[in-house]
Structures are given as structure tokens and as C-alpha cells.
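Okay, so here's the structure we're looking at.
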Amino acid sequence: MTQRTAADLRDALLATRDLASARAARRAVTRPAAPLPTSTDHRRFERAVSAALAKGGVDAEEWDSEVAKARAVDRRRAEALKADAVQHSGARARQLAEGIEGQRKALELLSNMTNAPVPAQYDALDSPFLVWGSTGLSVLSSTIEPWSSRASFTFESSLGPSSAHIESVGTEQLSFFFLWEPPGDGYALVTVDGYLVLNGYCQAEADGGLFGGNLTTLDVDANLDLHGLPTPPLAQDGQYLPAARLRADATDWFSDDVTVPRVVYRGFDLRHELLPVPPGGVVVEVSVSLSFDYGIGAVSADFATGEFEVGCPFVQILVLAS
């Protein structure tokens with residue numbers, strides 16, 4: 001593929017992504033508080049329940065004070081866990097890099113085998129032509145480098161008690177795009193493997209309450225998507241793998257605030273088998289996505305502090321027939 005065609009493809013992908021982001025912004029991912037009872041009704045309810053509890057010897061204000069103390073303890077624990085993860089981020093990054101290097105060497109050996117009955121053809125796409133992050137992410141850096149492309153980003157989103165909305169729902173994504181074309185003039189039948197490395201920290205928070213609190217979920221996923229084909233292929237199980245599932249549930253009455261931290265440290269081999277690719281080629285997108293749903297609370301992800309990062313070292317194409 002010529003450099004001009006590759007540049008045109010990059011511009012087209014960026015335009016498509018920008019359009020998708022604009023549409024998502026117009027839809028608004030936060031839900032207004034209008035469907036809830038009026039604030040007057042809610043305050044009357046709270047006063048009535050507080051009065052009833054006070055008759056039974058329960059002081060609502062004292063309970064709120066104890067929740068605040070518990071909240072501070074939980075946050076200190078989460079901060080300690082993150083500090084430990086940052087301290088070990090370099091060693092973990094080196095371990096992940098060693099695993100990827102082993103995979104690369106195995107690919108090289110397979111490519112050089114000549115004594116097989118029908119030698120397989122392996123193509124390695126060692127550099128993406130584009131690294132892209134959705135508008136809700138703070139992408140601090142991105143590097144396109146053979147066998148070592150990577151990016152660092154942070155993400156934070158929250159709603160407080162005084163917010164005009166009752167729920168926030170959305171998905172943010174960081175993607176690496178690769179291009180592969182068949183060796184001949186016709187179709188090729190291939191198996192695609194995309195490698196993704198995650199080294200970071202995520203957190204979900206939900207505010208509790210005397211009369212029931214909130215639920216916060218944050219799903220981190222590794223994804224392999226295929227673009228530019230005449231007919232979109234059916235998704236396969238190996239294309240989408242969970243990296244982390246965070247669920248902070250503070251919905252019960254008399255619930256404390258809940259903070260759920262998670263160190264995300266893992267490599268993924270994402271696969272789509274038996275893919276027919278036309279002469280025009282296929283664009284392979286390897287990505288990490290953050291899908292969130294919360295009320296009064298917060299979600300965050302850090303893939304930038306210390307040696308935290310997201311890496312996509314290469315995409316492997318096994319040509320079965322061409």
C-alpha cells in the first residue's frame with residue numbers, strides 16, 4: 001500500500017472516530033434527575049425516617065460522621081494499594097516485555113520453518129499506523145515503535161450529591177490500528193492475533209447512605225475489531241476478553257461508602273480465526289475499553305503513573321490460503 005493511501009486511510013479513520021464522539025456527546029451520557037421524586041418530597045421522607053430512627057435511639061448525624069471516618073480509611077487503603085502498584089510497575093513492565101519477546105521469537109521460528117509438509121506463512125505487523133484515544137481520556141503520550149508501540153493515559157469521571165444528574169453511563173477507548181493486505185491479487189484466508197499488554201490501576205467508588213446509596217460499575221476489556229471488509233464478520237469469543245470487573249455496591253440501607261480498587265496487570269492474545277480478507281486488505285484495531293455506569297460516585301483509571309502503560313507490540317497474521 002502506498003504512503004498516500006495509508007495516510008488517506010488514517011484520515012478516514014480519524015474522521016469516523018470524531019463523528020462517533022460527536023454523536024455520543026449529543027446523546028449525553030448523563031441522565032437528568034427529573035424522573036426522581038421532587039427534592040421537597042425527598043427531604044420530607046428523610047426527615048420522617050430520621051425522626052423515627054431518633055425515637056429508637058439512632059442519631060442520623062452521628063451515623064453520617066462514622067461513615068465519613070470509614071470513607072477516609074477506605075481511601076487510605078486504596079491509595080496504599082496504588083502506591084504499591086506504582087512502585088512495582090517497572091518490574092511488572094519488564095516481565096510483560098519478556099513475555100512478548102518470547103512470543104516474537106516463537107513467531108520468528110515458525111516463519112523460518114521449511115521442513116513442514118505445507119509451510120505456513122506468518123506475517124508480523126510490528127507497528128500500527130495510528131494510536132487513537134477517545135475524547136474522555138487524557139492521553140499523555142503515545143509511541144509508535146517496531147515491536148514496542150505503547151501509550152499512557154488517565155481517566156476520571158464522577159458525580160457528586162449536588163449534581164443535576166442521577167446517573168452517568170459511557171465507554172472510553174484507546175486503540176492501535178494496523179493494516180494488512182493479502183500477498184496476491186485475490187482473497188486470503190487468515191487467522192489474526194492481536195497482542196495487548198495492560199499495566200495500570202483502576203478504581204470504582206459508590207457513595208453510601210442512611211436510606212440506601214449507589215452502585216458503581218467499571219468494566220475493563222481487551223478488544224480485537226476488524227474494519228474495511230465488504231461484510232463485517234461475526235464476532236468470535238477470542239476477540240473480546242475481560243481484563244477487570246469492578247463493582248462498588250452501596251445500595252443497602254445504612255450502607256457505608258464503598259471503594260473498589262484493582263491493579264490491572266496482564267497480557268492478552270486476542271484472536272479471530274478463518275477470516276476471508278479481500279485484495280483491499282483489512283484494518284485490525286486492538287484496544288482497551290473502559291465501560292462505566294454509576295450514580296453518586298466515581299470511576300478512574302491510571303495507565304500513566306510510574307511505568308504504567310498500555311502496549312500493543314504487534315499483530316500476527318497466519319495466512320492459511322491465498
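Please note that chains go A, B, ... in the order of the C-alpha cells, that every chain numbers its residues from 1, and that ligands are numbered from 1 in the order shown.
Every protein or nucleic acid residue with an atom no more than 7 Å from Gly297 of chain A, counting only C-alpha atoms and leaving out same-chain residues fewer than 3 positions away, appears here: Ser158, Leu159, Gly160, Glu205, Ala206, Asp207, Thr216 and Tyr294 of chain A.
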Take the residues from that selection and put them in a file with C-alpha atoms, as a compact mmCIF listing (two decimals), in the first residue's frame.
# COMPACT_ATOMS: atom_id res chain seq x y z
CA SER A 158 -17.63 11.47 38.91
CA LEU A 159 -21.00 12.77 40.09
CA GLY A 160 -21.46 14.46 43.46
CA GLU A 205 -16.42 4.38 44.17
CA ALA A 206 -20.04 4.49 45.31
CA ASP A 207 -21.50 6.80 47.94
CA THR A 216 -20.87 1.91 40.50
CA TYR A 294 -22.65 4.95 38.22
Would you list the contacts of Val288 of chain A as a PDB file with N, CA and C atoms, in the first residue's frame, taking every protein, DNA or RNA residue within 12 Å and counting only C-alpha atoms, but skipping same-chain residues closer than 5 positions in sequence?
ATOM      1  N   VAL A 131      -2.375   5.490  16.623  1.00  0.00           N
ATOM      2  CA  VAL A 131      -2.789   5.261  18.014  1.00  0.00           C
ATOM      3  C   VAL A 131      -3.797   6.349  18.346  1.00  0.00           C
ATOM      4  N   TRP A 132      -4.988   5.952  18.803  1.00  0.00           N
ATOM      5  CA  TRP A 132      -6.090   6.907  18.988  1.00  0.00           C
ATOM      6  C   TRP A 132      -6.770   6.675  20.321  1.00  0.00           C
ATOM      7  N   GLY A 133      -7.091   7.772  21.025  1.00  0.00           N
ATOM      8  CA  GLY A 133      -7.838   7.704  22.270  1.00  0.00           C
ATOM      9  C   GLY A 133      -9.112   8.510  22.185  1.00  0.00           C
ATOM     10  N   SER A 134     -10.195   8.022  22.765  1.00  0.00           N
ATOM     11  CA  SER A 134     -11.468   8.738  22.738  1.00  0.00           C
ATOM     12  C   SER A 134     -11.379  10.020  23.568  1.00  0.00           C
ATOM     13  N   LEU A 137     -10.647  10.424  27.506  1.00  0.00           N
ATOM     14  CA  LEU A 137      -9.368  10.035  28.080  1.00  0.00           C
ATOM     15  C   LEU A 137      -8.376  11.194  28.029  1.00  0.00           C
ATOM     16  N   ARG A 150       3.176   1.836  22.243  1.00  0.00           N
ATOM     17  CA  ARG A 150       2.572   1.949  23.570  1.00  0.00           C
ATOM     18  C   ARG A 150       1.933   3.326  23.742  1.00  0.00           C
ATOM     19  N   ALA A 151       1.159   3.454  24.804  1.00  0.00           N
ATOM     20  CA  ALA A 151       0.520   4.733  25.128  1.00  0.00           C
ATOM     21  C   ALA A 151       0.260   4.786  26.625  1.00  0.00           C
ATOM     22  N   SER A 152       0.164   5.996  27.139  1.00  0.00           N
ATOM     23  CA  SER A 152      -0.175   6.191  28.553  1.00  0.00           C
ATOM     24  C   SER A 152      -1.341   7.167  28.641  1.00  0.00           C
ATOM     25  N   PHE A 153      -2.271   6.890  29.567  1.00  0.00           N
ATOM     26  CA  PHE A 153      -3.444   7.759  29.709  1.00  0.00           C
ATOM     27  C   PHE A 153      -4.003   7.640  31.115  1.00  0.00           C
ATOM     28  N   THR A 171     -18.570   4.732  27.617  1.00  0.00           N
ATOM     29  CA  THR A 171     -17.417   3.898  27.306  1.00  0.00           C
ATOM     30  C   THR A 171     -16.321   4.772  26.714  1.00  0.00           C
ATOM     31  N   GLU A 172     -15.107   4.603  27.208  1.00  0.00           N
ATOM     32  CA  GLU A 172     -13.927   5.259  26.640  1.00  0.00           C
ATOM     33  C   GLU A 172     -12.982   4.178  26.127  1.00  0.00           C
ATOM     34  N   GLN A 173     -12.147   4.534  25.149  1.00  0.00           N
ATOM     35  CA  GLN A 173     -11.351   3.507  24.481  1.00  0.00           C
ATOM     36  C   GLN A 173     -10.028   4.077  23.973  1.00  0.00           C
ATOM     37  N   LEU A 174      -8.973   3.273  24.093  1.00  0.00           N
ATOM     38  CA  LEU A 174      -7.676   3.575  23.486  1.00  0.00           C
ATOM     39  C   LEU A 174      -7.372   2.466  22.488  1.00  0.00           C
ATOM     40  N   SER A 175      -7.022   2.844  21.227  1.00  0.00           N
ATOM     41  CA  SER A 175      -6.912   1.870  20.142  1.00  0.00           C
ATOM     42  C   SER A 175      -5.588   2.000  19.392  1.00  0.00           C
ATOM     43  N   PHE A 176      -5.121   0.851  18.893  1.00  0.00           N
ATOM     44  CA  PHE A 176      -3.978   0.761  17.995  1.00  0.00           C
ATOM     45  C   PHE A 176      -4.480   0.174  16.669  1.00  0.00           C
ATOM     46  N   GLY A 194      -3.995 -10.396  17.817  1.00  0.00           N
ATOM     47  CA  GLY A 194      -3.553  -9.080  18.267  1.00  0.00           C
ATOM     48  C   GLY A 194      -3.124  -9.160  19.720  1.00  0.00           C
ATOM     49  N   TYR A 195      -1.962  -8.604  20.011  1.00  0.00           N
ATOM     50  CA  TYR A 195      -1.407  -8.693  21.364  1.00  0.00           C
ATOM     51  C   TYR A 195      -1.535  -7.352  22.078  1.00  0.00           C
ATOM     52  N   LEU A 196      -2.069  -7.401  23.295  1.00  0.00           N
ATOM     53  CA  LEU A 196      -2.291  -6.197  24.101  1.00  0.00           C
ATOM     54  C   LEU A 196      -1.744  -6.438  25.499  1.00  0.00           C
ATOM     55  N   VAL A 197      -1.054  -5.438  26.038  1.00  0.00           N
ATOM     56  CA  VAL A 197      -0.459  -5.526  27.373  1.00  0.00           C
ATOM     57  C   VAL A 197      -0.982  -4.372  28.222  1.00  0.00           C
ATOM     58  N   LEU A 198      -1.546  -4.691  29.385  1.00  0.00           N
ATOM     59  CA  LEU A 198      -2.091  -3.686  30.292  1.00  0.00           C
ATOM     60  C   LEU A 198      -1.313  -3.693  31.600  1.00  0.00           C
ATOM     61  N   ASN A 199      -0.895  -2.521  32.029  1.00  0.00           N
ATOM     62  CA  ASN A 199      -0.181  -2.369  33.297  1.00  0.00           C
ATOM     63  C   ASN A 199      -0.672  -1.061  33.911  1.00  0.00           C
ATOM     64  N   GLY A 200      -1.623  -1.160  34.868  1.00  0.00           N
ATOM     65  CA  GLY A 200      -2.202   0.053  35.419  1.00  0.00           C
ATOM     66  C   GLY A 200      -3.048  -0.211  36.649  1.00  0.00           C
ATOM     67  N   ASP A 219     -16.026  -1.734  33.854  1.00  0.00           N
ATOM     68  CA  ASP A 219     -15.547  -2.917  33.141  1.00  0.00           C
ATOM     69  C   ASP A 219     -14.384  -2.524  32.240  1.00  0.00           C
ATOM     70  N   VAL A 220     -13.269  -3.231  32.399  1.00  0.00           N
ATOM     71  CA  VAL A 220     -12.094  -3.016  31.555  1.00  0.00           C
ATOM     72  C   VAL A 220     -11.959  -4.228  30.642  1.00  0.00           C
ATOM     73  N   ASP A 221     -11.914  -3.993  29.321  1.00  0.00           N
ATOM     74  CA  ASP A 221     -11.896  -5.097  28.357  1.00  0.00           C
ATOM     75  C   ASP A 221     -10.795  -4.906  27.317  1.00  0.00           C
ATOM     76  N   ALA A 222     -10.269  -6.029  26.841  1.00  0.00           N
ATOM     77  CA  ALA A 222      -9.335  -6.049  25.717  1.00  0.00           C
ATOM     78  C   ALA A 222     -10.109  -6.494  24.480  1.00  0.00           C
ATOM     79  N   ASN A 223      -9.919  -5.778  23.360  1.00  0.00           N
ATOM     80  CA  ASN A 223     -10.768  -5.992  22.185  1.00  0.00           C
ATOM     81  C   ASN A 223      -9.948  -6.091  20.906  1.00  0.00           C
ATOM     82  N   LEU A 224     -10.450  -6.908  19.979  1.00  0.00           N
ATOM     83  CA  LEU A 224      -9.900  -7.005  18.630  1.00  0.00           C
ATOM     84  C   LEU A 224     -11.045  -6.781  17.651  1.00  0.00           C
ATOM     85  N   ASP A 225     -10.970  -5.696  16.868  1.00  0.00           N
ATOM     86  CA  ASP A 225     -12.015  -5.384  15.891  1.00  0.00           C
ATOM     87  C   ASP A 225     -11.396  -5.309  14.494  1.00  0.00           C
ATOM     88  N   GLN A 239     -12.061 -12.687  20.502  1.00  0.00           N
ATOM     89  CA  GLN A 239     -11.812 -11.293  20.148  1.00  0.00           C
ATOM     90  C   GLN A 239     -11.956 -10.334  21.329  1.00  0.00           C
ATOM     91  N   TYR A 240     -12.759 -10.701  22.310  1.00  0.00           N
ATOM     92  CA  TYR A 240     -13.080  -9.789  23.399  1.00  0.00           C
ATOM     93  C   TYR A 240     -12.886 -10.514  24.723  1.00  0.00           C
ATOM     94  N   LEU A 241     -11.959 -10.029  25.537  1.00  0.00           N
ATOM     95  CA  LEU A 241     -11.638 -10.691  26.796  1.00  0.00           C
ATOM     96  C   LEU A 241     -11.696  -9.680  27.945  1.00  0.00           C
ATOM     97  N   PRO A 242     -12.249 -10.087  29.086  1.00  0.00           N
ATOM     98  CA  PRO A 242     -12.314  -9.167  30.233  1.00  0.00           C
ATOM     99  C   PRO A 242     -10.955  -9.025  30.907  1.00  0.00           C
ATOM    100  N   ALA A 243     -10.618  -7.795  31.254  1.00  0.00           N
ATOM    101  CA  ALA A 243      -9.388  -7.535  31.997  1.00  0.00           C
ATOM    102  C   ALA A 243      -9.673  -7.295  33.476  1.00  0.00           C
ATOM    103  N   ALA A 244     -10.801  -6.636  33.785  1.00  0.00           N
ATOM    104  CA  ALA A 244     -11.174  -6.375  35.180  1.00  0.00           C
ATOM    105  C   ALA A 244     -12.652  -6.050  35.245  1.00  0.00           C
ATOM    106  N   VAL A 264      -4.445  -3.718  37.408  1.00  0.00           N
ATOM    107  CA  VAL A 264      -4.670  -4.396  36.134  1.00  0.00           C
ATOM    108  C   VAL A 264      -3.301  -4.680  35.518  1.00  0.00           C
ATOM    109  N   ARG A 266      -1.703  -7.560  32.991  1.00  0.00           N
ATOM    110  CA  ARG A 266      -1.950  -8.777  32.226  1.00  0.00           C
ATOM    111  C   ARG A 266      -1.671  -8.549  30.746  1.00  0.00           C
ATOM    112  N   GLY A 267      -1.278  -9.631  30.054  1.00  0.00           N
ATOM    113  CA  GLY A 267      -1.152  -9.611  28.604  1.00  0.00           C
ATOM    114  C   GLY A 267      -2.270 -10.424  27.973  1.00  0.00           C
ATOM    115  N   PHE A 268      -2.666 -10.061  26.749  1.00  0.00           N
ATOM    116  CA  PHE A 268      -3.779 -10.713  26.063  1.00  0.00           C
ATOM    117  C   PHE A 268      -3.369 -11.108  24.650  1.00  0.00           C
ATOM    118  N   LEU A 270      -5.533 -11.776  21.553  1.00  0.00           N
ATOM    119  CA  LEU A 270      -6.889 -11.661  21.019  1.00  0.00           C
ATOM    120  C   LEU A 270      -6.906 -12.256  19.617  1.00  0.00           C
ATOM    121  N   ALA A 301      -9.131   5.506  36.100  1.00  0.00           N
ATOM    122  CA  ALA A 301      -8.138   4.562  35.597  1.00  0.00           C
ATOM    123  C   ALA A 301      -6.834   5.310  35.403  1.00  0.00           C
ATOM    124  N   PHE A 303      -3.181   4.623  33.698  1.00  0.00           N
ATOM    125  CA  PHE A 303      -2.220   3.858  32.921  1.00  0.00           C
ATOM    126  C   PHE A 303      -1.078   4.788  32.505  1.00  0.00           C
ATOM    127  N   GLU A 309       1.348   1.659  31.674  1.00  0.00           N
ATOM    128  CA  GLU A 309       1.114   1.961  30.271  1.00  0.00           C
ATOM    129  C   GLU A 309       0.263   0.870  29.648  1.00  0.00           C
ATOM    130  N   VAL A 310      -0.192   1.139  28.416  1.00  0.00           N
ATOM    131  CA  VAL A 310      -0.864   0.151  27.575  1.00  0.00           C
ATOM    132  C   VAL A 310       0.031  -0.089  26.369  1.00  0.00           C
ATOM    133  N   GLY A 311       0.335  -1.355  26.084  1.00  0.00           N
ATOM    134  CA  GLY A 311       1.209  -1.676  24.965  1.00  0.00           C
ATOM    135  C   GLY A 311       0.528  -2.581  23.955  1.00  0.00           C
ATOM    136  N   CYS A 312       0.850  -2.371  22.689  1.00  0.00           N
ATOM    137  CA  CYS A 312       0.394  -3.253  21.615  1.00  0.00           C
ATOM    138  C   CYS A 312       1.611  -3.525  20.724  1.00  0.00           C
TER     139      CYS A 312
END
